[in-house]
Each structure stands twice: as structure tokens, then as C-alpha cells.
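Below: one structure, written as C-alpha cells.
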Amino acid sequence: MSAKRAALAGVVKDLRAHIGHLRDEGVQALETSARPRAKVPAASKPLPPRATAAAPGQSAITPTAPIVPITPSSSPPPATTAAMQQLAKEVAACRICVLHAKRTHTVPGQGSPRPQVMFVGEAPGADEDAQGLAFVGRSGQLLTQMIIAMGFTREQVFIANICKCRPPDNRQPLPEEMTACLPFLRRQIALLHPALIVALGATAVKGLLNSTQGITKLRGTWCDFEGIPVMPTYHPAYLLRNPPAKHEAWADLQAVLKRLGRAAPAWTQTRKGA
Ligand code: URA
């Protein structure tokens, strides 16, 4: 490598590290030009994408807006990883609500420590309780298809729930169980600071937004959780029972991709299964 190229590589490396640091500090957008840009309403302003490898068999996703791609530094900030591990330990030791009594495993959630998108569901089911992992049963398989259709892998997003323990017989979590568990989710969001949250179903909407509005009314509408845009959409379990609603859910996920400044790939997998 020539001295000029080596110097340039050094500058790029430093710039990447700096941008990674800015993101860790909560910076979500960088101006790229001295020319004034037309103001975009907050609700539709695209967010800067983080570089994302194309899923196997898929072409790379290119941003549709003139924005600086933010490349994450190669490894996550150690503080976040350590803090997430500490949080998972606290979840495992939690006995605040009755759900601890019948659990096999706690399910803190899993995924990228620096996700662009965080998915929040309701609570673990039987498969999740058995494995200690969120969304690994039938609903999880559909969620995986949705994530892949968006051009991500499961490892590139973060998947969590409002409640970290399985409610008996898969009943909905009670308000006091949600209240007991919510501080864990709030800490996860603060540590991960995702660019966007997708709230999967009515319980996620109630927990995150404290909204009593039905998911049918609220889905597809941008909401806000402490400055982070939230897109409510249908829970994958509902979509398994009502396949035609997948088209609405896909429209919601396309709005997410648009907000991220990413091109929306065609919906293929689920259409076949619909
Ligand atoms: N349903 C949820 O809401 N979360 C899971 O992890 C699995 C099923």
C-alpha cells in the first residue's frame, strides 16, 4: 500500500471510530453539505442507516436519501455489552412478580448490541421459556421472515419483550406484571439506543406507549418512546391467524425502512405462505 493510501485508510478508520463514538453518544444524524436542505417534517425524516451486510442471496440495500452511512465500529462498545450482560443477570435473579415462580428460563432478549431496529413483543411462550431466547417458536419464525424481508438478519436487530418471563398458558401479562418488568426494557432501550422500535401487538403498544388505543387503529402510525420513533404493527401470532393482515404489517415495515432511508425489498417469503 502506498503511503498516500495508508494515510487515507488511517483517516477513514479514525472517522469511522469518531462516527461510532457519536452514535454511542446518541447522535442520530450528520449534516453532509453546507447547502441548506429543505426541512423534512420530523415524522417522515429518514434516519441515517448503519452499514448492514446483505442477507445471503439478497442484494445490498442502498440508502435512498442523501445521507452519510454510519458504519459501526467493528466491535460494540464494551460498556454496552457488559451492561447488557449485567441486566440479563438481574432479569435471571428477578422475583418481583409471580411470573418467576413457573418459569424455566428468563428471556431477556437478544441481538445486536448496536441495532438500527429493535422489535418488542409481548412475553415469552413455551418455546422461548424452554430456550431462554425471544421469538424462537412459530411466531418467531414469521418474525424472522419479516426481518429478512426487510433486508436484515436477526443478529443485526434486537428482539425483546415487555415481560421477560412466560405467563402461564400463554395468557396476556397482567398490568402489574408489565409494570414490574418494564424497567428492564427501559434500561435495554437506553443501552442499545436503537434508531427505531417496532412494537409488535397490543401489549407492546400498551407497555411502551401506555396507549389504550387498539392496535388496528394505531398500527402504521408513528409514535414516540422518549424521543425514539415507534412503529406499532401486528404481532406475528396475529398474522399467523390472519394471513391477509400481513399486507398491512408489510406496509408498516416499509414505512420503517423508508424512515431509515433504506430501499424496501419486495415482500416474497410471506406472500408465498399467505
Ligand atoms: N410472542 C411474544 O410476544 N414474544 C416471544 O418471544 C414469543 C412469542
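Within each chain, counting starts at residue 1; across the C-alpha cells, chains are named A, B, ... in the order shown, with ligands numbered 1 upward in that order.
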* Asked: Could you list, as a ChimeraX atom specification, all the residues within 7 Å of ligand 1, counting only C-alpha atoms and all ligand atoms?
  -> /A:121-125,128,134-137,139-140,160-161,237
* To do: Tell me which protein, DNA and RNA residues are within 12 Å of Leu87 of chain A, counting only C-alpha atoms, leaving out same-chain ones fewer than 2 positions away, and put them as a PyMOL selection string.
  => chain A and resi 79-85+89-94+106-110+164+181+183-191
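Taking atom CA of Ala88 of chain A and atom CA of Ala180 of chain A as endpoints, the distance between them is 15.2 Å.
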* Asked: Any idea what's packed within 10 Å of Thr144 of chain A, counting only C-alpha atoms, ignoring anything in its chain fewer than 5 positions away? Could you give it as a ChimeraX atom specification?
  -> /A:135-136,138-139,149-150,152-154,236
* Asked: Suppose you want the space between atom CA of Pro194 of chain A and atom CA of Thr221 of chain A; what is it in Å?
  -> 18.2 Å
